Every structure is written in C-alpha cells, then in structure tokens.
Amino acid sequence: MSNFKSILTRRQLLQTGSTCAAAGLAAPGVFAEMLETPRFTEGPFYPDKLPLDTDNDLLIINESLTPAVGEITHISGRVLNSSGNPIRNAFVEIWQVDNNAVYLHSGDKKNRANQDKNFQGYGRFLTDAKGHYYFRTIKPVPYPGRTPHIHVGVSVNGHRILTTQLFIKGHELNAKDGVLRSVRDPKAVESVMGDFKPIKDSKLGELSVDFDMVVGKTAFEGDDGKLRGGIGRPEIRRRRRPTQG
C-alpha cells in the first residue's frame with residue numbers, strides 16, 4: 001500500500017473533520033471579552049471561478065488519485081464571538097496559492113504555466129454546534145511581495161463577517177510583509193500566527209495547526225446572542241429569478 005493510500009479516505013476525511021477540529025481547543029472565556037481576530041484585505045485573487053470541487057480537502061479534486069504537491073497540513077479551530085461562545089453554521093472559506101505560488105484566479109498570470117492542476121486552491125466548511133471547522137491543505141509558500149499566508153473568510157446568513165489571513169509563526173518574511181505590518185497591536189499579530197507542528201509518527205511528514213477566530217462587534221448580534229449577519233458580501237452569489245412578463 002502506498003503512503004498516499006494510508007491517509008484517511010476522502011469520505012472519512014469529510015465526515016470526521018469536526019472531530020479532528022475538536023482536539024486541543026481551549027474552552028470559551030466567560031469572564032472577559034476575547035481579543036478580536038484582526039481583519040485583513042481579501043486581496044485581488046479570491047477565485048473568480050470556483051473549482052468543480054469546493055469541499056474542505058484541497059489536496060484532492062473530486063475522486064482524483066493524484067494529490068497536490070506540498071507539505072500536507074491539517075488546519076482546525078473554532079469560530080467564536082467576543083464572549084467566547086461558538087458560532088454555529090458559520091460558512092468558513094479558505095483560498096491560497098499552490099506549491100508553485102499560483103492562485104486559482106485568471107488574473108494571476110505571473111507563473112500560470114506552472115500551476116498545480118491537482119491543487120483545489122479553495123475550500124469551504126460549515127461549522128458545527130461548537131463552532132469547529134477543519135481543512136486539509138498544504139503549508140503556504142511565499143508569493144511575490146508577500147510572506148506565506150492563507151486567506152480566510154467567515155460568513156453568516158449570507159453576509160461576510162470576517163476576512164482575515166493565517167500566517168506562519170516565525171517565518172523570516174513576516175517582518176517585511178506590508179499587510180501584516182498594518183496591524184500595530186502585537187497581541188493581535190500573534191493571534192493570526194499559526195504554529196505549524198509536525199504530526200507525530202506521520203509517514204508523510206504531515207503538519208497540523210490550530211487557528212481559532214474571534215468575530216467582533218461588526219456582526220449584528222441579537223438579544224438571544226445569535227449572529228444575524230453583518231457587513232460583507234454574500235459568500236454565494238445567487239442568480240436572480242427572471243421577472244415574469
């Protein structure tokens with residue numbers, strides 16, 4: 001059996017994502033408001049055409065047997081409000097360059113000939129009752145002018161309530177990254193630094209990283225504590241129904 005086949009099957013991966021996300025996460029704070037995750041630009045390369053496969057496994061497109069190239073990385077965490085309570089049914093999206101630093105976007109033409117056709121480039125996941133989410137992807141690589149990062153969007157009820165980025169803790173390019181340097185609060189910067197740790201006994205050299213996101217007051221919160229949506233664009237553009245003549 002090959003190393004690749006020893007990974008969880010695709011169905012197992014999708015069904016057990018929430019279980020993987022639950023490991024090692026701290027309980028929500030109840031005595032003080034949590035530090036809000038800083039907001040970053042969406043950037044110019046949010047996919048202008050979504051891939052045929054948009055699940056939370058970016059290494060495999062549909063039922064292909066050929067995985068994407070890169071360091072396999074498992075990202076898990078929770079989406080919380082500022083009181084530390086989980087946000088259920090939050091629509092989490094991630095998008096990033098492939099191992100050759102190419103985005104899934106027609107406007108990214110710098111290295112298009114080297115695009116990894118086996119990398120999904122975009123994925124999405126709906127949080128469970130405890131706010132958990134999970135993705136399998138590759139460790140981000142530098143993009144011209146940028147330190148390695150993964151774009152993350154969170155939407156509720158069709159409204160984007162958070163757009164942020166996940167960075168590699170301790171990477172040498174972080175100090176020179178203009179987007180990251182726009183955040184002045186050291187604690188806020190630390191909150192978007194991911195510690196990409198090797199998974200013990202992984203024969204494939206897999207990594208894992210925990211990334212909790214805290215949504216602040218920009219999202220409307222009802223009297224019952226549930227988020228109703230906020231300022232942002234819909235995560236899915238729906239076609240308008242044709243008017244009847």
# chains A, B, ... in the order shown; residues from 1 in each chain; ligands from 1
$ closest_atom_pairs --of "range 100-147 of chain A" --to "range 65-85 of chain A" --cutoff "7 Å" --atoms "only C-alpha atoms" --output "JSON lines"
{"residue": "A:Asp116", "atom": "CA", "partner": "A:Ala68", "partner_atom": "CA", "distance": 6.8}
{"residue": "A:Asn118", "atom": "CA", "partner": "A:Ala68", "partner_atom": "CA", "distance": 4.8}
{"residue": "A:Phe119", "atom": "CA", "partner": "A:Ala68", "partner_atom": "CA", "distance": 4.7}
{"residue": "A:Gly131", "atom": "CA", "partner": "A:Arg78", "partner_atom": "CA", "distance": 4.9}
{"residue": "A:His132", "atom": "CA", "partner": "A:Arg78", "partner_atom": "CA", "distance": 4.3}
{"residue": "A:Tyr133", "atom": "CA", "partner": "A:Ser76", "partner_atom": "CA", "distance": 5.7}
{"residue": "A:Tyr134", "atom": "CA", "partner": "A:Ser76", "partner_atom": "CA", "distance": 4.4}
{"residue": "A:Phe135", "atom": "CA", "partner": "A:Ile75", "partner_atom": "CA", "distance": 5.1}
{"residue": "A:Arg136", "atom": "CA", "partner": "A:His74", "partner_atom": "CA", "distance": 4.6}
{"residue": "A:Thr137", "atom": "CA", "partner": "A:Thr73", "partner_atom": "CA", "distance": 5.2}
{"residue": "A:Ile138", "atom": "CA", "partner": "A:Ile72", "partner_atom": "CA", "distance": 4.7}
{"residue": "A:Lys139", "atom": "CA", "partner": "A:Glu71", "partner_atom": "CA", "distance": 5.4}
$ residues_around --residues "Leu104 in chain A" --least-positions-apart "6" --cutoff "8 Å" --atoms "only C-alpha atoms" --output "ChimeraX atom specification"
/A:45-49,96-97,120-122
$ write_last_selection --atoms "N, CA and C atoms" --output "compact mmCIF listing (two decimals), in the first residue's frame"
# COMPACT_ATOMS: atom_id res chain seq x y z
N PHE A 45 -7.17 38.09 -5.43
CA PHE A 45 -7.23 36.77 -6.04
C PHE A 45 -8.20 35.80 -5.37
N TYR A 46 -9.29 36.33 -4.79
CA TYR A 46 -10.39 35.43 -4.42
C TYR A 46 -10.85 34.80 -5.73
N PRO A 47 -11.04 33.47 -5.78
CA PRO A 47 -11.31 32.81 -7.07
C PRO A 47 -12.41 33.49 -7.88
N ASP A 48 -12.08 33.83 -9.13
CA ASP A 48 -13.10 34.42 -10.00
C ASP A 48 -13.96 33.34 -10.65
N LYS A 49 -13.52 32.09 -10.52
CA LYS A 49 -14.32 30.95 -10.96
C LYS A 49 -14.04 29.80 -10.00
N GLN A 96 -5.72 29.98 -1.27
CA GLN A 96 -4.28 30.19 -1.17
C GLN A 96 -3.60 29.78 -2.47
N VAL A 97 -2.31 30.12 -2.58
CA VAL A 97 -1.54 29.70 -3.75
C VAL A 97 -1.18 28.23 -3.62
N GLN A 120 -6.70 22.11 -5.30
CA GLN A 120 -8.03 22.70 -5.38
C GLN A 120 -8.00 24.22 -5.26
N GLY A 121 -7.11 24.75 -4.42
CA GLY A 121 -6.92 26.20 -4.31
C GLY A 121 -7.94 26.94 -3.48
N TYR A 122 -9.08 26.30 -3.21
CA TYR A 122 -10.18 26.92 -2.48
C TYR A 122 -10.97 25.81 -1.80
$ atom_distance --atom1 "CA of Lys117 in chain A" --atom2 "CA of Val192 in chain A"
28.6 Å
